[in-house]
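Undergrad: Quick one: the structure is below, and I'll ask about it shortly.
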Amino acid sequence: MRICGLQTLSMVDYPGKLAATVFTGGCNLRCPFCHNALLVTRLEESPILQQEEILSFLKRRRGLLDGVVLSGGEPLIQPGVPEFLQKVRALGFSIKLDTNGYRPEVLKRLCEKGLVDYVAMDIKACEERYPAVAGVSSLQMENIRESIEFLKSGAVPYEFRTTVVRELHSAEDFQKIGPWIAGAPLYFLQNFSDSGSVLNPVYTSCTIPELTSYLEIVNPFVGHAELRGIDY
């Protein structure tokens with residue numbers, strides 16, 4: 001399992017919990033707006049952290065932190081994830097998983113083993129435009145659909161979220177995303193932000209009125225929808 005980063009404290013990555021975030025390297029998608037190219041196509045520039053130092057840090061934070069977020073990159077392409085999460089669980093932490101949903105069999109296995117308490121899955125675009133927005137022309141959409149349906153079954157608490165990019169998303173996308181994720185309890189729109197390490201740095205963020213209009217389209221289909229990380 002390749003661990004490339006550790007955020008020692010986050011108050012926003014795990015809803016309602018103080019958490020540490022563990023970042024894995026590598027991804028099976030190539031979203032051109034990805035804000036963390038170092039963890040996708042420039043792994044040789046990324047540090048490698050040993051599991052032992054991560055677990056040692058977490059052991060020292062018992063009673064101070066509530067949870068651990070496993071993020072990426074895409075964590076579910078990593079070998080050894082179940083074993084790592086078992087060790088995190090043994091320390092008494094709640095576990096949140098950030099995933100693109102492209103490995104539904106791994107997602108199901110982790111949830112069925114009780115190793116994940118909360119899942120945040122990215123919805124890149126509407127179905128027709130998914131391969132283009134995810135940067136993989138040969139994308140197997142059945143994998144994404146399977147993960148969506150599994151989460152909608154209620155096996156584990158979850159949210160869906162979409163990073164909105166002006167050049168890649170329009171009202172039509174959200175008119176189709178809404179029915180696709182209908183019944184989801186939580187859906188968040190996040191505005192694209194140029195982190196300085198974007199895979200293809202040609203994109204721009206949306207205005208708050210644009211984001212709000214997209215939110216209004218999807219809102220009737222889900223339990224709760226809101227903008228996340230927006231400074232009004």
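Residue names in the structure tokens use chain letters A, B, ... in the order shown, residue numbers from 1 in each chain, and ligand numbers from 1 in the order shown.
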Find the nearest atom pair between each residue of stretch 98-194 of chain A and stretch 57-78 of chain A for residues within 8 Å, count only C-alpha atoms, give distances in Å to one decimal, sort rows by chain and ascending number, and present the table as a Markdown table.
TA:
| residue | atom | partner | partner_atom | distance |
| --- | --- | --- | --- | --- |
| A:Asp98 | CA | A:Ser71 | CA | 4.9 |
| A:Thr99 | CA | A:Glu74 | CA | 6.0 |
| A:Asn100 | CA | A:Glu74 | CA | 6.8 |
| A:Arg103 | CA | A:Leu76 | CA | 6.4 |
| A:Val106 | CA | A:Leu76 | CA | 6.5 |
| A:Leu107 | CA | A:Leu76 | CA | 7.3 |
Undergrad: Save the residues we just selected, all heavy atoms, as a compact mmCIF listing (two decimals), in the first residue's frame?
TA:
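again-v2.txt, freshly written:
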# COMPACT_ATOMS: atom_id res chain seq x y z
N ASP A 98 -12.86 7.91 0.94
CA ASP A 98 -13.11 8.72 -0.25
C ASP A 98 -12.79 7.86 -1.46
O ASP A 98 -11.68 7.31 -1.57
CB ASP A 98 -12.20 9.96 -0.28
CG ASP A 98 -12.56 10.97 0.80
OD1 ASP A 98 -13.66 10.87 1.38
OD2 ASP A 98 -11.73 11.85 1.07
N THR A 99 -13.73 7.75 -2.42
CA THR A 99 -13.49 6.87 -3.56
C THR A 99 -14.18 7.40 -4.80
O THR A 99 -15.18 8.12 -4.73
CB THR A 99 -14.00 5.44 -3.26
OG1 THR A 99 -13.73 4.59 -4.38
CG2 THR A 99 -15.50 5.42 -2.97
N ASN A 100 -13.65 7.00 -5.95
CA ASN A 100 -14.31 7.32 -7.22
C ASN A 100 -15.30 6.24 -7.63
O ASN A 100 -15.98 6.37 -8.64
CB ASN A 100 -13.29 7.57 -8.34
CG ASN A 100 -12.39 6.37 -8.61
OD1 ASN A 100 -12.78 5.21 -8.47
ND2 ASN A 100 -11.14 6.64 -9.02
N ARG A 103 -14.01 0.65 -8.26
CA ARG A 103 -13.73 -0.71 -7.81
C ARG A 103 -14.86 -1.18 -6.88
O ARG A 103 -14.68 -1.32 -5.67
CB ARG A 103 -12.39 -0.78 -7.08
CG ARG A 103 -11.16 -0.46 -7.92
CD ARG A 103 -10.83 -1.55 -8.93
NE ARG A 103 -10.68 -2.87 -8.36
CZ ARG A 103 -9.59 -3.33 -7.75
NH1 ARG A 103 -8.53 -2.54 -7.61
NH2 ARG A 103 -9.54 -4.55 -7.29
N VAL A 106 -14.27 -4.09 -4.36
CA VAL A 106 -13.47 -3.78 -3.18
C VAL A 106 -14.29 -2.96 -2.19
O VAL A 106 -14.26 -3.19 -0.97
CB VAL A 106 -12.18 -3.03 -3.56
CG1 VAL A 106 -11.33 -2.76 -2.33
CG2 VAL A 106 -11.38 -3.82 -4.59
N LEU A 107 -15.04 -2.00 -2.69
CA LEU A 107 -15.92 -1.19 -1.85
C LEU A 107 -16.87 -2.07 -1.06
O LEU A 107 -17.02 -1.93 0.17
CB LEU A 107 -16.70 -0.20 -2.72
CG LEU A 107 -17.77 0.63 -2.01
CD1 LEU A 107 -17.16 1.52 -0.94
CD2 LEU A 107 -18.54 1.47 -3.04
Undergrad: Fewer than 3 positions away in the same chain doesn't count, so skip those; otherwise give me all residues within 6 Å of A:Gly25, counting only C-alpha atoms, as a PDB file with C-alpha atoms, in the first residue's frame.
TA:
ATOM      1  CA  ARG A   2       1.529   3.270  -1.146  1.00  0.00           C
ATOM      2  CA  CYS A   4       2.065   9.502   0.073  1.00  0.00           C
ATOM      3  CA  LEU A  39      -0.725  11.629  -6.489  1.00  0.00           C
ATOM      4  CA  GLY A  73      -5.502   9.288  -5.425  1.00  0.00           C
TER       5      GLY A  73
END
Undergrad: From a DSSP calculation on the backbone, collect every residue of stretch 131-206 of chain A in alpha helix (DSSP H) and output the set as a short mmCIF file (atom, residue, chain, number, x, y, z; two decimals) with N, CA, C and O atoms, in the first residue's frame.
TA:
data_model
loop_
_atom_site.label_atom_id
_atom_site.label_comp_id
_atom_site.auth_asym_id
_atom_site.auth_seq_id
_atom_site.Cartn_x
_atom_site.Cartn_y
_atom_site.Cartn_z
N PRO A 131 -16.97 9.24 -19.27
CA PRO A 131 -15.63 8.91 -19.75
C PRO A 131 -14.79 10.15 -20.07
O PRO A 131 -13.60 10.20 -19.73
N ALA A 132 -15.40 11.16 -20.68
CA ALA A 132 -14.65 12.37 -21.03
C ALA A 132 -14.23 13.14 -19.79
O ALA A 132 -13.08 13.58 -19.68
N VAL A 133 -15.14 13.29 -18.85
CA VAL A 133 -14.83 14.07 -17.65
C VAL A 133 -13.87 13.32 -16.74
O VAL A 133 -13.04 13.93 -16.06
N ALA A 134 -13.95 11.98 -16.75
CA ALA A 134 -13.03 11.17 -15.94
C ALA A 134 -11.70 10.93 -16.64
O ALA A 134 -10.78 10.38 -16.02
N MET A 141 -18.65 1.84 -17.47
CA MET A 141 -19.65 2.54 -16.67
C MET A 141 -20.39 1.63 -15.71
O MET A 141 -20.91 2.08 -14.69
N GLU A 142 -20.41 0.33 -16.00
CA GLU A 142 -21.12 -0.57 -15.09
C GLU A 142 -20.48 -0.57 -13.70
O GLU A 142 -21.15 -0.81 -12.69
N ASN A 143 -19.17 -0.29 -13.63
CA ASN A 143 -18.51 -0.23 -12.33
C ASN A 143 -19.04 0.93 -11.50
O ASN A 143 -19.30 0.79 -10.30
N ILE A 144 -19.19 2.09 -12.14
CA ILE A 144 -19.72 3.26 -11.45
C ILE A 144 -21.16 3.00 -11.02
O ILE A 144 -21.56 3.29 -9.88
N ARG A 145 -21.96 2.46 -11.92
CA ARG A 145 -23.36 2.18 -11.59
C ARG A 145 -23.48 1.22 -10.43
O ARG A 145 -24.34 1.39 -9.56
N GLU A 146 -22.64 0.20 -10.42
CA GLU A 146 -22.69 -0.79 -9.35
C GLU A 146 -22.38 -0.17 -7.99
O GLU A 146 -23.04 -0.48 -6.99
N SER A 147 -21.39 0.71 -7.95
CA SER A 147 -21.05 1.37 -6.68
C SER A 147 -22.19 2.28 -6.23
O SER A 147 -22.52 2.33 -5.03
N ILE A 148 -22.78 3.01 -7.16
CA ILE A 148 -23.90 3.89 -6.82
C ILE A 148 -25.05 3.09 -6.23
O ILE A 148 -25.62 3.43 -5.18
N GLU A 149 -25.41 1.99 -6.89
CA GLU A 149 -26.53 1.18 -6.42
C GLU A 149 -26.22 0.53 -5.08
O GLU A 149 -27.10 0.41 -4.22
N PHE A 150 -24.97 0.11 -4.90
CA PHE A 150 -24.61 -0.49 -3.62
C PHE A 150 -24.77 0.52 -2.49
O PHE A 150 -25.35 0.22 -1.44
N LEU A 151 -24.28 1.74 -2.69
CA LEU A 151 -24.41 2.75 -1.65
C LEU A 151 -25.87 3.12 -1.42
O LEU A 151 -26.31 3.28 -0.27
N LYS A 152 -26.64 3.21 -2.49
CA LYS A 152 -28.05 3.55 -2.34
C LYS A 152 -28.84 2.47 -1.62
O LYS A 152 -29.92 2.73 -1.09
N ALA A 171 -25.97 22.81 -16.91
CA ALA A 171 -27.25 22.46 -16.28
C ALA A 171 -27.72 21.10 -16.75
O ALA A 171 -28.32 20.33 -15.98
N GLU A 172 -27.45 20.75 -18.00
CA GLU A 172 -27.90 19.46 -18.53
C GLU A 172 -27.30 18.29 -17.76
O GLU A 172 -27.96 17.27 -17.54
N ASP A 173 -26.04 18.44 -17.34
CA ASP A 173 -25.43 17.38 -16.54
C ASP A 173 -26.24 17.12 -15.28
O ASP A 173 -26.51 15.96 -14.93
N PHE A 174 -26.62 18.17 -14.59
CA PHE A 174 -27.29 18.01 -13.30
C PHE A 174 -28.75 17.60 -13.47
O PHE A 174 -29.32 16.94 -12.59
N GLN A 175 -29.33 17.92 -14.61
CA GLN A 175 -30.67 17.41 -14.91
C GLN A 175 -30.67 15.89 -15.05
O GLN A 175 -31.69 15.23 -14.81
N LYS A 176 -29.52 15.33 -15.41
CA LYS A 176 -29.40 13.88 -15.54
C LYS A 176 -28.82 13.23 -14.28
O LYS A 176 -29.15 12.08 -13.96
N ILE A 177 -27.94 13.94 -13.58
CA ILE A 177 -27.37 13.39 -12.35
C ILE A 177 -28.45 13.23 -11.29
O ILE A 177 -28.49 12.22 -10.57
N GLY A 178 -29.36 14.19 -11.18
CA GLY A 178 -30.41 14.14 -10.16
C GLY A 178 -31.17 12.82 -10.16
O GLY A 178 -31.19 12.10 -9.14
N PRO A 179 -31.80 12.43 -11.28
CA PRO A 179 -32.52 11.16 -11.30
C PRO A 179 -31.61 9.95 -11.10
O PRO A 179 -32.05 8.93 -10.56
N TRP A 180 -30.36 10.06 -11.53
CA TRP A 180 -29.42 8.94 -11.41
C TRP A 180 -29.12 8.61 -9.95
O TRP A 180 -29.02 7.45 -9.57
#
Undergrad: Distance atom CA of A:Pro47-atom CA of A:Tyr14, one decimal place?
TA: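 Computing the Euclidean distance for atom CA of A:Pro47 and atom CA of A:Tyr14 yields 23.9 Å.
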Undergrad: Would you list the contacts of A:Ala120 as a CSV table (one decimal) with C-alpha atoms, in the first residue's frame, taking every protein, DNA or RNA residue within 9 Å and counting only C-alpha atoms, but skipping same-chain residues closer than 5 positions in sequence?
TA:
chain,number,residue,atom,x,y,z
A,96,LYS,CA,-14.3,7.3,6.2
A,97,LEU,CA,-13.4,6.3,2.7
A,98,ASP,CA,-13.1,8.7,-0.3
A,99,THR,CA,-13.5,6.9,-3.6
A,100,ASN,CA,-14.3,7.3,-7.2
A,157,PRO,CA,-23.8,5.9,5.6
A,158,TYR,CA,-22.6,7.8,2.5
A,159,GLU,CA,-22.7,10.9,0.4
A,160,PHE,CA,-22.2,11.7,-3.2
A,161,ARG,CA,-20.3,14.8,-4.4
Undergrad: Considering only C-alpha atoms, can you say which of A:Tyr118, A:Phe93, A:Phe192, A:Tyr102 comes closest to A:Ile208?
TA: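 Result for the nearest residue to A:Ile208: A:Phe192.
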Undergrad: Please provide as a list in words all residues within 9 Å of A:Ser10, with the sequence filter that same-chain residues fewer than 4 positions apart are discarded (counting only C-alpha atoms).
TA: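 Near neighbours after the sequence-gap exclusion: Tyr14, Lys17, Leu18, Ala19, Ala20 and Thr21 of chain A.
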Undergrad: Since we have the selection now, will you write its residues out, keeping N, CA, C and O atoms, as an mmCIF file, in the first residue's frame?
TA:
data_model
loop_
_atom_site.group_PDB
_atom_site.id
_atom_site.type_symbol
_atom_site.label_atom_id
_atom_site.label_comp_id
_atom_site.auth_asym_id
_atom_site.auth_seq_id
_atom_site.Cartn_x
_atom_site.Cartn_y
_atom_site.Cartn_z
ATOM 1 N N TYR A 14 -14.206 14.746 7.505
ATOM 2 C CA TYR A 14 -15.075 13.697 8.040
ATOM 3 C C TYR A 14 -16.201 14.393 8.790
ATOM 4 O O TYR A 14 -15.976 14.938 9.868
ATOM 5 N N LYS A 17 -16.605 14.968 12.785
ATOM 6 C CA LYS A 17 -15.502 14.343 13.510
ATOM 7 C C LYS A 17 -14.189 15.087 13.267
ATOM 8 O O LYS A 17 -13.967 15.624 12.179
ATOM 9 N N LEU A 18 -13.340 15.049 14.265
ATOM 10 C CA LEU A 18 -11.951 15.456 14.089
ATOM 11 C C LEU A 18 -11.201 14.258 13.530
ATOM 12 O O LEU A 18 -11.262 13.161 14.095
ATOM 13 N N ALA A 19 -10.491 14.459 12.458
ATOM 14 C CA ALA A 19 -9.900 13.307 11.774
ATOM 15 C C ALA A 19 -8.508 13.607 11.246
ATOM 16 O O ALA A 19 -8.130 14.761 11.028
ATOM 17 N N ALA A 20 -7.761 12.549 11.050
ATOM 18 C CA ALA A 20 -6.528 12.597 10.271
ATOM 19 C C ALA A 20 -6.844 12.025 8.899
ATOM 20 O O ALA A 20 -7.672 11.112 8.775
ATOM 21 N N THR A 21 -6.204 12.553 7.864
ATOM 22 C CA THR A 21 -6.452 12.079 6.507
ATOM 23 C C THR A 21 -5.183 11.453 5.943
ATOM 24 O O THR A 21 -4.122 12.082 5.930
#
Undergrad: Which residues are close to A:Lys124, i.e. within 8 Å by only C-alpha atoms, leaving aside same-chain residues fewer than 2 positions away? Reply as a ChimeraX atom specification.
TA: /A:122,126,130,133-134,162-163
Undergrad: I need the chosen residues saved as a PDB file, in the first residue's frame, with all heavy atoms.
TA:
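Below is the file result35.pdb, written as the result:
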ATOM      1  N   ASP A 122     -17.348  10.221  -5.417  1.00  0.00           N
ATOM      2  CA  ASP A 122     -17.425  11.265  -6.438  1.00  0.00           C
ATOM      3  C   ASP A 122     -18.363  10.855  -7.565  1.00  0.00           C
ATOM      4  O   ASP A 122     -18.309   9.718  -8.048  1.00  0.00           O
ATOM      5  CB  ASP A 122     -16.042  11.518  -7.040  1.00  0.00           C
ATOM      6  CG  ASP A 122     -15.074  12.083  -6.023  1.00  0.00           C
ATOM      7  OD1 ASP A 122     -15.479  12.946  -5.229  1.00  0.00           O
ATOM      8  OD2 ASP A 122     -13.903  11.657  -6.029  1.00  0.00           O
ATOM      9  N   CYS A 126     -22.744  13.402 -15.698  1.00  0.00           N
ATOM     10  CA  CYS A 126     -23.830  12.509 -16.074  1.00  0.00           C
ATOM     11  C   CYS A 126     -23.240  11.309 -16.816  1.00  0.00           C
ATOM     12  O   CYS A 126     -22.076  11.332 -17.237  1.00  0.00           O
ATOM     13  CB  CYS A 126     -24.855  13.234 -16.941  1.00  0.00           C
ATOM     14  SG  CYS A 126     -24.210  13.837 -18.520  1.00  0.00           S
ATOM     15  N   TYR A 130     -19.410  10.811 -18.681  1.00  0.00           N
ATOM     16  CA  TYR A 130     -18.493  10.334 -17.649  1.00  0.00           C
ATOM     17  C   TYR A 130     -17.098  10.012 -18.183  1.00  0.00           C
ATOM     18  O   TYR A 130     -16.095  10.450 -17.608  1.00  0.00           O
ATOM     19  CB  TYR A 130     -19.074   9.090 -16.963  1.00  0.00           C
ATOM     20  CG  TYR A 130     -18.949   9.110 -15.461  1.00  0.00           C
ATOM     21  CD1 TYR A 130     -20.006   9.571 -14.674  1.00  0.00           C
ATOM     22  CD2 TYR A 130     -17.802   8.669 -14.816  1.00  0.00           C
ATOM     23  CE1 TYR A 130     -19.926   9.593 -13.296  1.00  0.00           C
ATOM     24  CE2 TYR A 130     -17.703   8.686 -13.434  1.00  0.00           C
ATOM     25  CZ  TYR A 130     -18.767   9.143 -12.678  1.00  0.00           C
ATOM     26  OH  TYR A 130     -18.660   9.159 -11.305  1.00  0.00           O
ATOM     27  N   VAL A 133     -15.141  13.290 -18.851  1.00  0.00           N
ATOM     28  CA  VAL A 133     -14.832  14.070 -17.654  1.00  0.00           C
ATOM     29  C   VAL A 133     -13.866  13.319 -16.741  1.00  0.00           C
ATOM     30  O   VAL A 133     -13.038  13.934 -16.058  1.00  0.00           O
ATOM     31  CB  VAL A 133     -16.130  14.450 -16.910  1.00  0.00           C
ATOM     32  CG1 VAL A 133     -15.827  15.189 -15.618  1.00  0.00           C
ATOM     33  CG2 VAL A 133     -17.011  15.326 -17.803  1.00  0.00           C
ATOM     34  N   ALA A 134     -13.950  11.982 -16.753  1.00  0.00           N
ATOM     35  CA  ALA A 134     -13.031  11.174 -15.940  1.00  0.00           C
ATOM     36  C   ALA A 134     -11.699  10.931 -16.636  1.00  0.00           C
ATOM     37  O   ALA A 134     -10.778  10.379 -16.025  1.00  0.00           O
ATOM     38  CB  ALA A 134     -13.672   9.843 -15.576  1.00  0.00           C
ATOM     39  N   THR A 162     -19.886  16.186  -6.259  1.00  0.00           N
ATOM     40  CA  THR A 162     -19.400  16.511  -7.595  1.00  0.00           C
ATOM     41  C   THR A 162     -18.554  17.771  -7.531  1.00  0.00           C
ATOM     42  O   THR A 162     -18.983  18.785  -6.953  1.00  0.00           O
ATOM     43  CB  THR A 162     -20.560  16.740  -8.579  1.00  0.00           C
ATOM     44  OG1 THR A 162     -21.319  15.535  -8.703  1.00  0.00           O
ATOM     45  CG2 THR A 162     -20.042  17.152  -9.955  1.00  0.00           C
ATOM     46  N   THR A 163     -17.354  17.711  -8.084  1.00  0.00           N
ATOM     47  CA  THR A 163     -16.542  18.909  -8.264  1.00  0.00           C
ATOM     48  C   THR A 163     -16.963  19.552  -9.579  1.00  0.00           C
ATOM     49  O   THR A 163     -16.889  18.928 -10.639  1.00  0.00           O
ATOM     50  CB  THR A 163     -15.042  18.564  -8.291  1.00  0.00           C
ATOM     51  OG1 THR A 163     -14.674  17.992  -7.030  1.00  0.00           O
ATOM     52  CG2 THR A 163     -14.209  19.808  -8.546  1.00  0.00           C
TER      53      THR A 163
END
Undergrad: Excluding A:Glu210 and its own-chain neighbours fewer than 4 positions away, which residues fall within 9 Å of it when counting only C-alpha atoms? Please give them as a PDB file with all heavy atoms, in the first residue's frame.
TA:
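Final output, result_3.pdb:
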ATOM      1  N   ARG A 166     -16.388  24.863 -14.706  1.00  0.00           N
ATOM      2  CA  ARG A 166     -17.180  25.632 -15.666  1.00  0.00           C
ATOM      3  C   ARG A 166     -17.106  25.048 -17.082  1.00  0.00           C
ATOM      4  O   ARG A 166     -18.113  24.947 -17.790  1.00  0.00           O
ATOM      5  CB  ARG A 166     -16.721  27.097 -15.690  1.00  0.00           C
ATOM      6  CG  ARG A 166     -17.366  27.882 -16.839  1.00  0.00           C
ATOM      7  CD  ARG A 166     -17.027  29.347 -16.827  1.00  0.00           C
ATOM      8  NE  ARG A 166     -17.895  30.060 -15.923  1.00  0.00           N
ATOM      9  CZ  ARG A 166     -17.470  30.915 -15.005  1.00  0.00           C
ATOM     10  NH1 ARG A 166     -16.191  31.145 -14.867  1.00  0.00           N
ATOM     11  NH2 ARG A 166     -18.320  31.547 -14.230  1.00  0.00           N
ATOM     12  N   ALA A 171     -25.967  22.813 -16.910  1.00  0.00           N
ATOM     13  CA  ALA A 171     -27.245  22.463 -16.283  1.00  0.00           C
ATOM     14  C   ALA A 171     -27.724  21.096 -16.749  1.00  0.00           C
ATOM     15  O   ALA A 171     -28.318  20.334 -15.977  1.00  0.00           O
ATOM     16  CB  ALA A 171     -28.281  23.540 -16.605  1.00  0.00           C
ATOM     17  N   CYS A 206     -16.702  28.060 -11.060  1.00  0.00           N
ATOM     18  CA  CYS A 206     -18.004  28.651 -11.373  1.00  0.00           C
ATOM     19  C   CYS A 206     -18.318  29.781 -10.395  1.00  0.00           C
ATOM     20  O   CYS A 206     -17.715  29.896  -9.330  1.00  0.00           O
ATOM     21  CB  CYS A 206     -19.094  27.581 -11.268  1.00  0.00           C
ATOM     22  SG  CYS A 206     -18.954  26.258 -12.486  1.00  0.00           S
ATOM     23  N   TYR A 214     -27.352  24.940 -10.250  1.00  0.00           N
ATOM     24  CA  TYR A 214     -27.170  23.498 -10.389  1.00  0.00           C
ATOM     25  C   TYR A 214     -27.715  22.764  -9.168  1.00  0.00           C
ATOM     26  O   TYR A 214     -28.333  21.699  -9.271  1.00  0.00           O
ATOM     27  CB  TYR A 214     -25.693  23.159 -10.576  1.00  0.00           C
ATOM     28  CG  TYR A 214     -25.052  23.767 -11.808  1.00  0.00           C
ATOM     29  CD1 TYR A 214     -23.678  24.023 -11.850  1.00  0.00           C
ATOM     30  CD2 TYR A 214     -25.806  24.092 -12.929  1.00  0.00           C
ATOM     31  CE1 TYR A 214     -23.086  24.581 -12.970  1.00  0.00           C
ATOM     32  CE2 TYR A 214     -25.218  24.654 -14.054  1.00  0.00           C
ATOM     33  CZ  TYR A 214     -23.858  24.897 -14.068  1.00  0.00           C
ATOM     34  OH  TYR A 214     -23.267  25.449 -15.182  1.00  0.00           O
ATOM     35  N   LEU A 215     -27.492  23.361  -8.013  1.00  0.00           N
ATOM     36  CA  LEU A 215     -27.981  22.762  -6.772  1.00  0.00           C
ATOM     37  C   LEU A 215     -29.504  22.669  -6.783  1.00  0.00           C
ATOM     38  O   LEU A 215     -30.075  21.645  -6.365  1.00  0.00           O
ATOM     39  CB  LEU A 215     -27.510  23.607  -5.588  1.00  0.00           C
ATOM     40  CG  LEU A 215     -27.607  22.989  -4.199  1.00  0.00           C
ATOM     41  CD1 LEU A 215     -26.586  21.865  -4.047  1.00  0.00           C
ATOM     42  CD2 LEU A 215     -27.361  24.057  -3.134  1.00  0.00           C
TER      43      LEU A 215
END
Undergrad: Among stretch 59-229 of chain A, which residues carry a DSSP assignment of strand (DSSP E), reported as a PyMOL selection string?
TA: chain A and resi 67-71+94-99+118-122+158-164+186-191+224-228
Undergrad: For the contact check between stretch 148-209 of chain A and stretch 31-35 of chain A, emit one row per residue of stretch 148-209 of chain A within 9 Å, containing the shortest atom pair and the distance in Å rounded to one decimal, counting only C-alpha atoms, chain then rising number order, as JSON lines.
TA:
{"residue": "A:Thr163", "atom": "CA", "partner": "A:Phe33", "partner_atom": "CA", "distance": 8.9}
{"residue": "A:Val165", "atom": "CA", "partner": "A:Phe33", "partner_atom": "CA", "distance": 7.7}
{"residue": "A:Phe192", "atom": "CA", "partner": "A:Phe33", "partner_atom": "CA", "distance": 7.7}
{"residue": "A:Ser193", "atom": "CA", "partner": "A:His35", "partner_atom": "CA", "distance": 7.4}
{"residue": "A:Asp194", "atom": "CA", "partner": "A:His35", "partner_atom": "CA", "distance": 6.6}
{"residue": "A:Ser195", "atom": "CA", "partner": "A:His35", "partner_atom": "CA", "distance": 5.6}
{"residue": "A:Gly196", "atom": "CA", "partner": "A:His35", "partner_atom": "CA", "distance": 7.6}
{"residue": "A:Ser197", "atom": "CA", "partner": "A:His35", "partner_atom": "CA", "distance": 5.7}
{"residue": "A:Val198", "atom": "CA", "partner": "A:His35", "partner_atom": "CA", "distance": 4.4}
{"residue": "A:Leu199", "atom": "CA", "partner": "A:Pro32", "partner_atom": "CA", "distance": 5.3}
{"residue": "A:Asn200", "atom": "CA", "partner": "A:Pro32", "partner_atom": "CA", "distance": 5.1}
{"residue": "A:Pro201", "atom": "CA", "partner": "A:Phe33", "partner_atom": "CA", "distance": 7.1}
{"residue": "A:Val202", "atom": "CA", "partner": "A:Phe33", "partner_atom": "CA", "distance": 8.2}
{"residue": "A:Tyr203", "atom": "CA", "partner": "A:Phe33", "partner_atom": "CA", "distance": 6.9}
Undergrad: Rank A:Leu38, A:Met11, A:Val218, A:Ile230 by their smallest atom-to-atom distance to A:Phe23, using only C-alpha atoms, and report the top residue only.
TA: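 Using only C-alpha atoms, the shortest distance to A:Phe23 belongs to A:Leu38.
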Undergrad: What is the distance between atom CA of A:Asn191 and atom CA of A:Gly154, in Å to one decimal?
TA: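 Between these atoms lies a distance of 27.2 Å.
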Undergrad: Which distance in Å separates atom CA of A:Gly92 and atom CA of A:Ser56, to one decimal?
TA: 13.4 Å
Undergrad: What's the 8 Å shell around A:Asp117, counting only C-alpha atoms, without same-chain residues fewer than 3 positions away, as a list in words?
TA: Ser94, Ile95, Lys96, Cys111, Gly114, Val156 and Pro157 of chain A
